[in-house]
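A.B. asks: Sharing a structure with you now.
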Amino acid sequence: YLTGEFAGDYGWDPAGLSADPETFAAYRETELIHARWAMLGALGCVTPELLEKFAGVEFGEAVWFKAGAQIFSEGGLDYLGSSSLVHAQSILAILGVQVILMGAIEGYRVSGGPAGEGLDKNHPGGDYFDPLGLADDPDTFAELKVKEIKNGRL
C-alpha cells in the first residue's frame with residue numbers, strides 16, 4: 001500500500017497504520033497541516049529575536065520561550081512591542097480568541113473552504129495559493145512537495 005507515489009512516502013509503516021486508503025488520506029492531510037503550522041511556529045520563534053537584534057525593534061522579551069510569561073507581568077504583553085497593536089493582559093482572553101479563530105479557520109478548511117472546486121485539498125495551487133507559480137512545472141511541484149513534508153517532519 002505504500003508504493004512511494006506520495007511525497008515523503010518511503011514505504012515504512014511497520015504497524016500497518018496506513019493500510020486503509022481512507023485512513024492513509026486522513027493521516028496525510030493531518031500530517032501536512034501540522035507540518036505547516038510547525039514551520040510557521042518555527043518562523044515565529046526566530047523572527048522576534050532577529051528583529052530585535054538586527055532591526056532594533058524593542059520587545060519586552062524576544063526569546064520565544066520567555067516571551068509568553070510577559071502576559072503575567074504587571075504591564076501585560078504587547079505584540080511586536082507596541083501597545084497600540086494588541087495589548088494582552090489576560091491569558092484566558094488570549095486562549096479564548098485563539099480557540100475561536102483557529103476553530104473558525106479549521107471549520108472553514110474542513111468544509112471545503114478556500115480550495116474551491118476541482119483543486120487538490122492538500123496542495124490547492126492556483127492564483128491564491130501559488131501566486132508565484134512555483135508549482136507550474138510538475139517535476140518542480142513534486143520536488144517542492146517532498147521538501148515541504150521533510151521540513152515539516154523536522
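Ligands are numbered from 1 in the order shown, chains are lettered A, B, ... in the order of the C-alpha cells, and residues start at 1 in each chain.
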List as a CSV table (one decimal) with N, CA and C atoms, in the first residue's frame the protein and nucleic acid residues near Ala88 of chain A, meaning an atom at most 9 Å away when only C-alpha atoms are counted, but skip any in the same chain fewer than 6 places from it.
C.D. replies:
chain,number,residue,atom,x,y,z
A,71,ILE,N,2.8,38.1,29.8
A,71,ILE,CA,1.4,38.3,30.0
A,71,ILE,C,1.0,38.3,31.4
A,75,GLY,N,2.4,44.9,33.4
A,75,GLY,CA,2.1,45.7,32.2
A,75,GLY,C,1.4,44.9,31.1
A,76,GLY,N,1.4,43.5,31.2
A,76,GLY,CA,0.8,42.7,30.2
A,76,GLY,C,1.8,42.5,29.1
A,77,LEU,N,1.3,42.0,28.0
A,77,LEU,CA,2.1,41.6,26.8
A,77,LEU,C,1.7,42.5,25.6
A,78,ASP,N,2.6,43.2,25.0
A,78,ASP,CA,2.4,44.0,23.8
A,78,ASP,C,2.9,43.2,22.6
A,79,TYR,N,2.1,42.9,21.7
A,79,TYR,CA,2.5,42.3,20.5
A,79,TYR,C,3.4,43.2,19.6
A,94,ILE,N,-6.8,35.6,25.7
A,94,ILE,CA,-5.9,35.2,24.6
A,94,ILE,C,-6.3,33.7,24.1
A.B. asks: Among segment 15-132 of chain A, which residues carry a DSSP assignment of strand (DSSP E or B), reported as a PyMOL selection string?
C.D. replies: chain A and resi 77-78+87-88
A.B. asks: May I have the residues from that selection written out with N, CA and C atoms, as a PDB file, in the first residue's frame?
C.D. replies:
ATOM      1  N   LEU A  77       1.264  42.005  27.974  1.00  0.00           N
ATOM      2  CA  LEU A  77       2.058  41.641  26.803  1.00  0.00           C
ATOM      3  C   LEU A  77       1.662  42.504  25.626  1.00  0.00           C
ATOM      4  N   ASP A  78       2.630  43.170  25.029  1.00  0.00           N
ATOM      5  CA  ASP A  78       2.391  43.971  23.827  1.00  0.00           C
ATOM      6  C   ASP A  78       2.933  43.220  22.623  1.00  0.00           C
ATOM      7  N   HIS A  87      -2.720  44.601  23.056  1.00  0.00           N
ATOM      8  CA  HIS A  87      -2.203  44.691  24.422  1.00  0.00           C
ATOM      9  C   HIS A  87      -2.941  43.647  25.243  1.00  0.00           C
ATOM     10  N   ALA A  88      -2.265  42.553  25.525  1.00  0.00           N
ATOM     11  CA  ALA A  88      -2.902  41.422  26.204  1.00  0.00           C
ATOM     12  C   ALA A  88      -2.584  41.433  27.687  1.00  0.00           C
TER      13      ALA A  88
END
A.B. asks: Excluding same-chain residues fewer than 5 positions from Asp136 of chain A, what lies within 9 Å of it counting only C-alpha atoms, as an mmCIF file with N, CA and C atoms, in the first residue's frame?
C.D. replies:
data_model
loop_
_atom_site.group_PDB
_atom_site.id
_atom_site.type_symbol
_atom_site.label_atom_id
_atom_site.label_comp_id
_atom_site.auth_asym_id
_atom_site.auth_seq_id
_atom_site.Cartn_x
_atom_site.Cartn_y
_atom_site.Cartn_z
ATOM 1 N N GLY A 125 -2.825 25.096 -4.933
ATOM 2 C CA GLY A 125 -2.223 25.860 -6.028
ATOM 3 C C GLY A 125 -3.119 27.017 -6.444
ATOM 4 N N ASP A 130 -0.692 29.842 -4.879
ATOM 5 C CA ASP A 130 0.614 29.774 -5.533
ATOM 6 C C ASP A 130 0.777 30.981 -6.455
ATOM 7 N N PHE A 141 7.064 20.818 -8.843
ATOM 8 C CA PHE A 141 5.996 20.703 -7.860
ATOM 9 C C PHE A 141 6.168 19.443 -7.004
#
A.B. asks: Work out how far atom CA of Gly112 of chain A is from atom CA of Gly152 of chain A, in Å to one decimal.
C.D. replies: 23.2 Å
A.B. asks: Compare A:Gly16, A:Gly8, A:Ile91, A:Met39 by their minimum atom-to-atom distance to Gln70 of chain A, counting only C-alpha atoms, and give me the closest one.
C.D. replies: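 Distance minimum relative to Gln70 of chain A lands on A:Ile91.
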A.B. asks: As JSON, numbers by chain, list the residues of segment 15-142 of chain A assigned to helix (DSSP H, G or I) by DSSP on the backbone atoms of this structure.
C.D. replies: {"A": [21, 22, 23, 24, 25, 26, 27, 28, 29, 30, 31, 32, 33, 34, 35, 36, 37, 38, 39, 40, 41, 42, 43, 44, 45, 46, 47, 48, 49, 50, 51, 52, 53, 54, 55, 64, 65, 66, 67, 68, 69, 70, 71, 72, 79, 80, 81, 91, 92, 93, 94, 95, 96, 97, 98, 99, 100, 101, 102, 103, 104, 105, 106, 107, 108, 109, 110, 113, 114, 115, 126, 127, 128, 129, 138, 139, 140, 141, 142]}
A.B. asks: Residues within 9 Å of Leu144 of chain A, please, as a ChimeraX atom specification. Count only C-alpha atoms; anything in the same chain fewer than 3 positions from it doesn't count.
C.D. replies: /A:7,134-135,139-141,147-149
A.B. asks: Could you take the residues named above and write them with N, CA, C and O atoms, as a CSV table (one decimal), in the first residue's frame?
C.D. replies:
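Dumped everything to result-v2.csv:
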chain,number,residue,atom,x,y,z
A,7,ALA,N,4.5,12.2,-1.8
A,7,ALA,CA,5.6,12.9,-1.3
A,7,ALA,C,5.9,12.4,0.1
A,7,ALA,O,5.0,12.3,1.0
A,134,LEU,N,5.2,28.7,-8.5
A,134,LEU,CA,6.3,27.7,-8.2
A,134,LEU,C,5.9,26.3,-8.6
A,134,LEU,O,6.8,25.5,-8.8
A,135,ALA,N,4.6,26.0,-8.7
A,135,ALA,CA,4.1,24.6,-8.9
A,135,ALA,C,3.7,24.5,-10.4
A,135,ALA,O,3.0,23.5,-10.7
A,139,ASP,N,7.5,18.5,-12.3
A,139,ASP,CA,8.6,18.0,-11.7
A,139,ASP,C,9.1,18.8,-10.5
A,139,ASP,O,9.4,18.3,-9.4
A,140,THR,N,9.0,20.1,-10.7
A,140,THR,CA,9.4,21.1,-9.6
A,140,THR,C,8.3,21.0,-8.5
A,140,THR,O,8.7,21.0,-7.3
A,141,PHE,N,7.1,20.8,-8.8
A,141,PHE,CA,6.0,20.7,-7.9
A,141,PHE,C,6.2,19.4,-7.0
A,141,PHE,O,6.0,19.5,-5.8
A,147,LYS,N,10.1,18.4,-0.3
A,147,LYS,CA,10.8,19.3,0.6
A,147,LYS,C,9.9,19.8,1.7
A,147,LYS,O,10.3,20.0,2.9
A,148,GLU,N,8.6,20.1,1.4
A,148,GLU,CA,7.7,20.6,2.4
A,148,GLU,C,7.5,19.6,3.5
A,148,GLU,O,7.5,19.9,4.7
A,149,ILE,N,7.2,18.3,3.2
A,149,ILE,CA,6.9,17.3,4.2
A,149,ILE,C,8.2,17.0,5.0
A,149,ILE,O,8.1,16.7,6.2
A.B. asks: Would you pick out the contacts of Val46 of chain A at 12 Å or less, using only C-alpha atoms, so that residues sharing its chain but fewer than 6 positions from it are not included, and give the list as a PyMOL selection string?
C.D. replies: chain A and resi 39-40+52-53+62-65+67
A.B. asks: Could you save the residues just selected, with N, CA, C and O atoms, as a compact mmCIF listing (two decimals), in the first residue's frame?
C.D. replies:
# COMPACT_ATOMS: atom_id res chain seq x y z
N MET A 39 6.09 24.73 10.90
CA MET A 39 7.04 25.59 10.20
C MET A 39 6.74 27.05 10.47
O MET A 39 7.66 27.87 10.64
N LEU A 40 5.46 27.43 10.52
CA LEU A 40 5.10 28.80 10.86
C LEU A 40 5.50 29.12 12.30
O LEU A 40 5.95 30.24 12.59
N GLU A 52 14.76 42.13 16.83
CA GLU A 52 15.37 42.88 17.92
C GLU A 52 16.86 43.07 17.70
O GLU A 52 17.40 44.15 17.94
N LYS A 53 17.51 42.02 17.22
CA LYS A 53 18.96 42.08 17.06
C LYS A 53 19.39 42.95 15.87
O LYS A 53 20.31 43.75 15.97
N ALA A 62 12.37 38.99 23.67
CA ALA A 62 12.30 38.44 22.32
C ALA A 62 12.51 36.94 22.27
O ALA A 62 12.18 36.31 21.29
N VAL A 63 13.08 36.36 23.32
CA VAL A 63 13.35 34.93 23.31
C VAL A 63 12.01 34.20 23.43
O VAL A 63 11.24 34.44 24.35
N TRP A 64 11.73 33.30 22.51
CA TRP A 64 10.40 32.71 22.37
C TRP A 64 9.91 31.98 23.61
O TRP A 64 8.73 32.02 23.94
N PHE A 65 10.78 31.31 24.32
CA PHE A 65 10.31 30.54 25.47
C PHE A 65 10.13 31.39 26.72
O PHE A 65 9.65 30.93 27.74
N ALA A 67 8.93 34.79 26.18
CA ALA A 67 8.02 35.87 25.76
C ALA A 67 6.62 35.72 26.33
O ALA A 67 6.00 36.70 26.73
A.B. asks: Which one is closest to Pro124 of chain A: A:Leu50, A:Ala15, A:Arg109, A:Leu95? Count only C-alpha atoms.
C.D. replies: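 Closest candidate: A:Arg109.
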A.B. asks: Show which residues sit within 12 Å of Pro14 of chain A, as an MDAnalysis selection string. Count only C-alpha atoms, and ignore same-chain residues fewer than 4 positions away.
C.D. replies: chainID A and resid 1:2 10 18:19
A.B. asks: Generate a file of the selected residues that holds N, CA, C and O atoms, formatted as an mmCIF file, in the first residue's frame.
C.D. replies:
data_model
loop_
_atom_site.group_PDB
_atom_site.id
_atom_site.type_symbol
_atom_site.label_atom_id
_atom_site.label_comp_id
_atom_site.auth_asym_id
_atom_site.auth_seq_id
_atom_site.Cartn_x
_atom_site.Cartn_y
_atom_site.Cartn_z
ATOM 1 N N TYR A 1 0.808 -1.210 0.000
ATOM 2 C CA TYR A 1 0.000 0.000 0.000
ATOM 3 C C TYR A 1 0.842 1.261 0.000
ATOM 4 O O TYR A 1 0.395 2.297 -0.432
ATOM 5 N N LEU A 2 2.044 1.196 0.522
ATOM 6 C CA LEU A 2 2.959 2.335 0.437
ATOM 7 C C LEU A 2 3.921 2.070 -0.707
ATOM 8 O O LEU A 2 4.915 1.378 -0.565
ATOM 9 N N TYR A 10 8.141 6.546 1.914
ATOM 10 C CA TYR A 10 9.305 5.698 1.692
ATOM 11 C C TYR A 10 9.015 4.243 2.030
ATOM 12 O O TYR A 10 9.921 3.448 2.207
ATOM 13 N N SER A 18 -1.472 2.758 8.088
ATOM 14 C CA SER A 18 -1.994 3.398 6.883
ATOM 15 C C SER A 18 -2.446 2.396 5.829
ATOM 16 O O SER A 18 -2.504 2.728 4.657
ATOM 17 N N ALA A 19 -2.767 1.204 6.238
ATOM 18 C CA ALA A 19 -3.167 0.172 5.279
ATOM 19 C C ALA A 19 -4.495 0.509 4.605
ATOM 20 O O ALA A 19 -4.697 0.214 3.430
#
A.B. asks: What gap, in Å, lies between atom CA of Glu29 of chain A and atom CA of Asn122 of chain A?
C.D. replies: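 That distance, rounded to one decimal, is 6.3 Å.
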